[in-house]
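Scroll down for the structure; my scribbles are underneath it.
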Amino acid sequence: MLQVKLIVTGDDFGYCPRRNQGIVDCFLAGAVSNVSLLVNGSAAADAAKLARRHNIPIGLHANLSEGSPVCEVLKTNSSLLNQDGFFHGKMGFRTALSKGLLNMSEELKAQVELFRELTGHLPPHMDGHQHIHVLPEVRHVFAEVLEEYGIKYTRVPIEPGLHNCDWIPQSLMDFYLGVEEDSFNTVDVFTRHGIRWPDIYIGLSTMGKNMSVSNIWSAIDAAIAQLTSKEPSPPTPQRGTVTIELMVHPGYPSIPPVGGCGEGPDDFSQSWERLHELQTLIKPELQSQYKTRNIQLCSFKDL
C-alpha cells in the first residue's frame, strides 16, 4: 500500500489569541500537525510560547501584504508601505509590484530574525502569506533569503484538480489560477536554489466554507491518482511514499479590535468560516480515515 505523509499546516498562527487557541486545539486533537507563524501578528509572541509549551512544529508565514513591517528601517520610509504606513494589502501589493521593484529582502530577513528571536531556532519551512512568495517580482528574492539561511522547505501552491472545482466563484477562481500560473513559473527558481516542497499541495479548493471531509478526501484522492499515473517514475525517491501539504485556516473568529497584523482583523478572520474549518478538521471520521488509508500526519521536520 502507498504510504502518504500528510502535513496539515495551520496558517496565520499569531494573528490573534482566538486564532492561536483554535490552532492549538486542532493540534492537540491530532487534526493539525504543523503551523506557520505570522511574526508581525498581534499575538505572535503568545503563539511562539504556545508552540514551545505544546511542542508544535512551527515555520514562518512571510508577510509582505498585510499590516506593519517588522524591519525598523522600513517603518519610516519604504515603497513596501502605503501612505498610512501599512503594507499595500493582498491585491494592492500585487499592483505596487507591477509599478516597480519594492525592497523586500530587508523585510524578509528581519522576519526570519524575529522568528528566531521568538522561537529560539530558524524556521524549518517558510511560505508566503496570501501566496506572495511565488509572485514574479518576489520569487527570486524569497529564494535567495531561504538559501542564505539554509531554510530547506517551502510551499508551491499548485493544486491538482483545481480546474474541476465548479463550486469556487469565478472571481476567486481567477485569483487561484493566477497563483497557480505564478507557482508553475516559480518551480525552476526554487529548484536552482536547492529549495524543496511536498509532492502535492492542497488547500485552495478546501478553504473556508468549501472545507468538508468529502472535499478533503476528493482532493487527496485526485492528487494521488494524478501523481502516481506519471509512471514509470516513482512518486518520490523513497519509492512508495507520497508527501502532501494540506493548507488550513482553523480558529475561533476574531473579535475586533483584537487581532490582525497592525490594522485590526480582516473579514475572513472574523467570519464563521474559521470555526467551520476547525470543526471539520477535528471530526472523528476524518481522523479514522487517516489511519485506514495509511496516512501519517507529520511536519516538515519529518520529511
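Labels used: A, B, ... for chains in the order of the C-alpha cells, numbers from 1 for residues in each chain, and numbers from 1 for ligands as shown.
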Self-check item: Non-local contacts of stretch 118-133 of chain A (6 Å; only C-alpha atoms; under 4 positions in same chain excluded) as a PyMOL selection string
Solution: chain A and resi 48+59-63+138-139+151+153-155
With N, CA and C atoms retained, write the just-selected residues as a compact mmCIF listing (two decimals), in the first residue's frame.
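Final file, selection.txt:
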# COMPACT_ATOMS: atom_id res chain seq x y z
N ALA A 48 4.30 31.79 19.77
CA ALA A 48 5.60 31.12 19.92
C ALA A 48 5.69 30.39 21.26
N GLY A 59 6.84 26.91 11.45
CA GLY A 59 7.62 27.57 10.42
C GLY A 59 7.16 29.01 10.26
N LEU A 60 7.69 29.69 9.24
CA LEU A 60 7.43 31.12 9.05
C LEU A 60 6.48 31.38 7.88
N HIS A 61 5.46 32.18 8.16
CA HIS A 61 4.48 32.62 7.17
C HIS A 61 4.88 34.06 6.78
N ALA A 62 5.79 34.19 5.83
CA ALA A 62 6.33 35.51 5.48
C ALA A 62 5.22 36.43 4.97
N ASN A 63 5.20 37.64 5.49
CA ASN A 63 4.09 38.56 5.21
C ASN A 63 4.62 39.88 4.67
N VAL A 138 8.89 38.61 -6.62
CA VAL A 138 9.24 38.21 -5.25
C VAL A 138 10.04 36.92 -5.22
N ARG A 139 9.74 35.99 -6.12
CA ARG A 139 10.25 34.62 -6.01
C ARG A 139 11.77 34.53 -5.92
N ILE A 151 17.15 27.50 4.93
CA ILE A 151 15.77 27.03 5.11
C ILE A 151 15.42 26.15 3.90
N TYR A 153 12.67 24.07 3.12
CA TYR A 153 11.33 23.76 2.59
C TYR A 153 10.46 24.99 2.43
N THR A 154 9.60 24.93 1.41
CA THR A 154 8.61 25.97 1.18
C THR A 154 7.32 25.33 0.68
N ARG A 155 6.44 26.14 0.18
CA ARG A 155 5.15 25.70 -0.37
C ARG A 155 5.05 26.18 -1.80
Quiz item: Which residues, written as a PyMOL selection string, have at least one atom at most 9 Å from A:Val179, with only C-alpha atoms counted and residues fewer than 5 positions away on the same chain left out?
Solution: chain A and resi 131-132+134-135+157-158+174+184
Quiz item: Which parts of stretch 21-223 of chain A does DSSP call helix (DSSP H, G or I) when run on the backbone here, written out as a ChimeraX atom specification?
Solution: /A:21-28,44-54,72-75,90-99,105-119,129-134,139-149,162-164,170-184,187-192,208-210,213-223
Exercise. As a PyMOL selection string, please: all residues of stretch 57-160 of chain A that backbone DSSP puts in strand (DSSP E).
Key: chain A and resi 58-62+126-128
Quiz item: Taking only C-alpha atoms into account, which of A:Asn185, A:Gln279, A:Ser98, A:Ser65 comes nearest A:Val156?
Solution: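 The shortest atom-to-atom distance to A:Val156 comes from A:Asn185.
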Quiz item: Which distance in Å separates atom CA of A:Asn34 and atom CA of A:Thr280, to one decimal?
Solution: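 About the pair atom CA of A:Asn34 and atom CA of A:Thr280: they are 16.9 Å apart.
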Exercise. Identify which of the residues A:Ser105, A:Thr228, A:Gln111, A:Thr243 lies closest to A:Gln296, counting only C-alpha atoms when measuring atom-to-atom distances.
Key: A:Thr243
Practice problem: Quick one: everything within 10 Å of A:Gly203, counting only C-alpha atoms, minus sequence neighbours fewer than 5 positions away in the same chain. Send it as a PyMOL selection string. | Solution: chain A and resi 8-9+157-159+162+208+210-211+216+219+245-249
Next, dump the selected residues to file, keeping only C-alpha atoms, as an mmCIF file, in the first residue's frame.
data_model
loop_
_atom_site.group_PDB
_atom_site.id
_atom_site.type_symbol
_atom_site.label_atom_id
_atom_site.label_comp_id
_atom_site.auth_asym_id
_atom_site.auth_seq_id
_atom_site.Cartn_x
_atom_site.Cartn_y
_atom_site.Cartn_z
ATOM 1 C CA VAL A 8 -1.626 19.683 7.820
ATOM 2 C CA THR A 9 -0.414 23.270 8.197
ATOM 3 C CA PRO A 157 0.561 26.163 -4.364
ATOM 4 C CA ILE A 158 -0.247 24.102 -7.456
ATOM 5 C CA GLU A 159 -3.347 22.082 -6.573
ATOM 6 C CA LEU A 162 -8.386 22.725 -9.070
ATOM 7 C CA GLY A 208 -13.316 28.206 4.428
ATOM 8 C CA ASN A 210 -15.667 24.839 0.950
ATOM 9 C CA MET A 211 -13.988 22.598 3.513
ATOM 10 C CA ILE A 216 -10.621 16.889 1.556
ATOM 11 C CA ALA A 219 -8.737 16.442 -3.308
ATOM 12 C CA GLU A 245 0.723 19.539 2.403
ATOM 13 C CA LEU A 246 -2.863 20.475 3.268
ATOM 14 C CA MET A 247 -3.108 24.225 3.957
ATOM 15 C CA VAL A 248 -5.796 25.077 6.517
ATOM 16 C CA HIS A 249 -7.010 28.182 8.394
#
Set the distance at 7 Å and use only C-alpha atoms: which residues neighbour A:Gly251 once local chain neighbours fewer than 2 positions away are removed? I'd like the list as an mmCIF file with all heavy atoms, in the first residue's frame.
data_model
loop_
_atom_site.group_PDB
_atom_site.id
_atom_site.type_symbol
_atom_site.label_atom_id
_atom_site.label_comp_id
_atom_site.auth_asym_id
_atom_site.auth_seq_id
_atom_site.Cartn_x
_atom_site.Cartn_y
_atom_site.Cartn_z
ATOM 1 N N ARG A 18 -7.506 34.273 19.670
ATOM 2 C CA ARG A 18 -8.533 33.280 19.343
ATOM 3 C C ARG A 18 -8.096 32.381 18.185
ATOM 4 O O ARG A 18 -8.453 31.209 18.129
ATOM 5 C CB ARG A 18 -9.865 33.981 19.039
ATOM 6 C CG ARG A 18 -10.537 34.526 20.307
ATOM 7 C CD ARG A 18 -11.734 35.394 20.000
ATOM 8 N NE ARG A 18 -12.797 34.690 19.282
ATOM 9 C CZ ARG A 18 -13.696 33.886 19.852
ATOM 10 N NH1 ARG A 18 -13.673 33.693 21.176
ATOM 11 N NH2 ARG A 18 -14.629 33.313 19.142
ATOM 12 N N ARG A 19 -7.347 32.920 17.263
ATOM 13 C CA ARG A 19 -6.777 32.077 16.192
ATOM 14 C C ARG A 19 -5.762 31.117 16.796
ATOM 15 O O ARG A 19 -5.751 29.931 16.486
ATOM 16 C CB ARG A 19 -6.085 32.955 15.151
ATOM 17 C CG ARG A 19 -5.422 32.183 14.021
ATOM 18 C CD ARG A 19 -6.458 31.683 13.024
ATOM 19 N NE ARG A 19 -7.292 32.799 12.645
ATOM 20 C CZ ARG A 19 -6.932 33.749 11.781
ATOM 21 N NH1 ARG A 19 -5.762 33.698 11.187
ATOM 22 N NH2 ARG A 19 -7.743 34.740 11.496
ATOM 23 N N ASN A 20 -4.918 31.636 17.653
ATOM 24 C CA ASN A 20 -3.921 30.788 18.301
ATOM 25 C C ASN A 20 -4.582 29.625 19.033
ATOM 26 O O ASN A 20 -4.165 28.473 18.894
ATOM 27 C CB ASN A 20 -3.095 31.598 19.309
ATOM 28 C CG ASN A 20 -2.147 32.576 18.640
ATOM 29 O OD1 ASN A 20 -1.983 32.582 17.423
ATOM 30 N ND2 ASN A 20 -1.520 33.411 19.446
ATOM 31 N N GLN A 21 -5.627 29.936 19.823
ATOM 32 C CA GLN A 21 -6.277 28.895 20.613
ATOM 33 C C GLN A 21 -6.927 27.841 19.718
ATOM 34 O O GLN A 21 -6.854 26.641 20.002
ATOM 35 C CB GLN A 21 -7.332 29.504 21.542
ATOM 36 C CG GLN A 21 -7.869 28.508 22.569
ATOM 37 C CD GLN A 21 -6.763 27.920 23.423
ATOM 38 O OE1 GLN A 21 -5.992 28.645 24.052
ATOM 39 N NE2 GLN A 21 -6.661 26.588 23.456
ATOM 40 N N GLY A 22 -7.538 28.287 18.625
ATOM 41 C CA GLY A 22 -8.167 27.341 17.699
ATOM 42 C C GLY A 22 -7.153 26.412 17.057
ATOM 43 O O GLY A 22 -7.397 25.199 16.927
ATOM 44 N N ILE A 23 -6.010 26.962 16.660
ATOM 45 C CA ILE A 23 -4.978 26.141 16.028
ATOM 46 C C ILE A 23 -4.384 25.162 17.044
ATOM 47 O O ILE A 23 -4.168 23.986 16.729
ATOM 48 C CB ILE A 23 -3.889 27.038 15.397
ATOM 49 C CG1 ILE A 23 -4.461 27.759 14.166
ATOM 50 C CG2 ILE A 23 -2.663 26.219 15.004
ATOM 51 C CD1 ILE A 23 -3.518 28.781 13.530
ATOM 52 N N HIS A 249 -6.916 26.914 7.659
ATOM 53 C CA HIS A 249 -7.010 28.182 8.394
ATOM 54 C C HIS A 249 -8.033 28.074 9.525
ATOM 55 O O HIS A 249 -8.996 28.842 9.576
ATOM 56 C CB HIS A 249 -7.402 29.318 7.449
ATOM 57 C CG HIS A 249 -6.419 29.588 6.366
ATOM 58 N ND1 HIS A 249 -6.360 28.844 5.201
ATOM 59 C CD2 HIS A 249 -5.422 30.507 6.274
ATOM 60 C CE1 HIS A 249 -5.379 29.310 4.442
ATOM 61 N NE2 HIS A 249 -4.795 30.308 5.065
ATOM 62 N N PRO A 253 -13.346 32.732 15.545
ATOM 63 C CA PRO A 253 -13.391 34.034 14.856
ATOM 64 C C PRO A 253 -12.832 35.175 15.693
ATOM 65 O O PRO A 253 -13.074 35.261 16.891
ATOM 66 C CB PRO A 253 -14.893 34.230 14.587
ATOM 67 C CG PRO A 253 -15.446 32.835 14.534
ATOM 68 C CD PRO A 253 -14.652 32.051 15.540
ATOM 69 N N ARG A 274 -13.713 30.279 9.706
ATOM 70 C CA ARG A 274 -12.581 29.805 10.505
ATOM 71 C C ARG A 274 -13.026 28.681 11.437
ATOM 72 O O ARG A 274 -12.374 27.648 11.551
ATOM 73 C CB ARG A 274 -11.989 30.945 11.330
ATOM 74 C CG ARG A 274 -11.405 32.079 10.524
ATOM 75 C CD ARG A 274 -10.106 31.686 9.869
ATOM 76 N NE ARG A 274 -9.467 32.820 9.226
ATOM 77 C CZ ARG A 274 -8.275 32.782 8.662
ATOM 78 N NH1 ARG A 274 -7.588 31.663 8.653
ATOM 79 N NH2 ARG A 274 -7.757 33.852 8.086
ATOM 80 N N LEU A 275 -14.137 28.903 12.115
ATOM 81 C CA LEU A 275 -14.670 27.901 13.036
ATOM 82 C C LEU A 275 -15.137 26.663 12.275
ATOM 83 O O LEU A 275 -14.967 25.530 12.745
ATOM 84 C CB LEU A 275 -15.831 28.497 13.840
ATOM 85 C CG LEU A 275 -16.453 27.593 14.913
ATOM 86 C CD1 LEU A 275 -15.412 27.159 15.937
ATOM 87 C CD2 LEU A 275 -17.617 28.304 15.596
ATOM 88 N N LEU A 278 -12.174 24.513 11.663
ATOM 89 C CA LEU A 278 -11.780 23.848 12.904
ATOM 90 C C LEU A 278 -12.685 22.637 13.171
ATOM 91 O O LEU A 278 -12.202 21.529 13.452
ATOM 92 C CB LEU A 278 -11.856 24.851 14.059
ATOM 93 C CG LEU A 278 -11.394 24.400 15.451
ATOM 94 C CD1 LEU A 278 -10.920 25.611 16.257
ATOM 95 C CD2 LEU A 278 -12.485 23.690 16.229
#
Quiz item: atom CA of A:Glu263 and atom CA of A:Lys90, how far apart in Å?
Solution: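 Separating atom CA of A:Lys90 from atom CA of A:Glu263 is a distance of 13.4 Å.
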Quiz item: atom CA of A:Ser205 and atom CA of A:Ile168 are how many Å apart?
Solution: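 For atom CA of A:Ser205 relative to atom CA of A:Ile168, the distance reads 7.3 Å.
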Quiz item: Any idea what's packed within 12 Å of A:Ile255, counting only C-alpha atoms, ignoring anything in its chain fewer than 4 positions away? Could you give it as a list in words?
Solution: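 With the cut-off at 12 Å, the set is Tyr15, Cys16, Pro17, Arg18, Arg19, Gly251, Gly259, Gly260, Gly264, Pro265, Asp266, Asp267, Phe268, Ser269, Gln270, Ser271 and Trp272 of chain A.
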Quiz prompt | Selection near A:Ala110, 9 Å with only C-alpha atoms, sequence-local residues under 5 positions removed, as a list in words | solution =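 What passes the distance filter is Pro69, Val70, Cys71, Glu72, Ser105 and Phe115 of chain A.
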Quiz prompt | Spatial neighbours of A:Glu66, 8 Å, only C-alpha atoms, chain gap at least 2 places, as JSON, numbers by chain | solution = {"A": [63, 64, 68, 86, 87, 88, 89, 90, 261]}
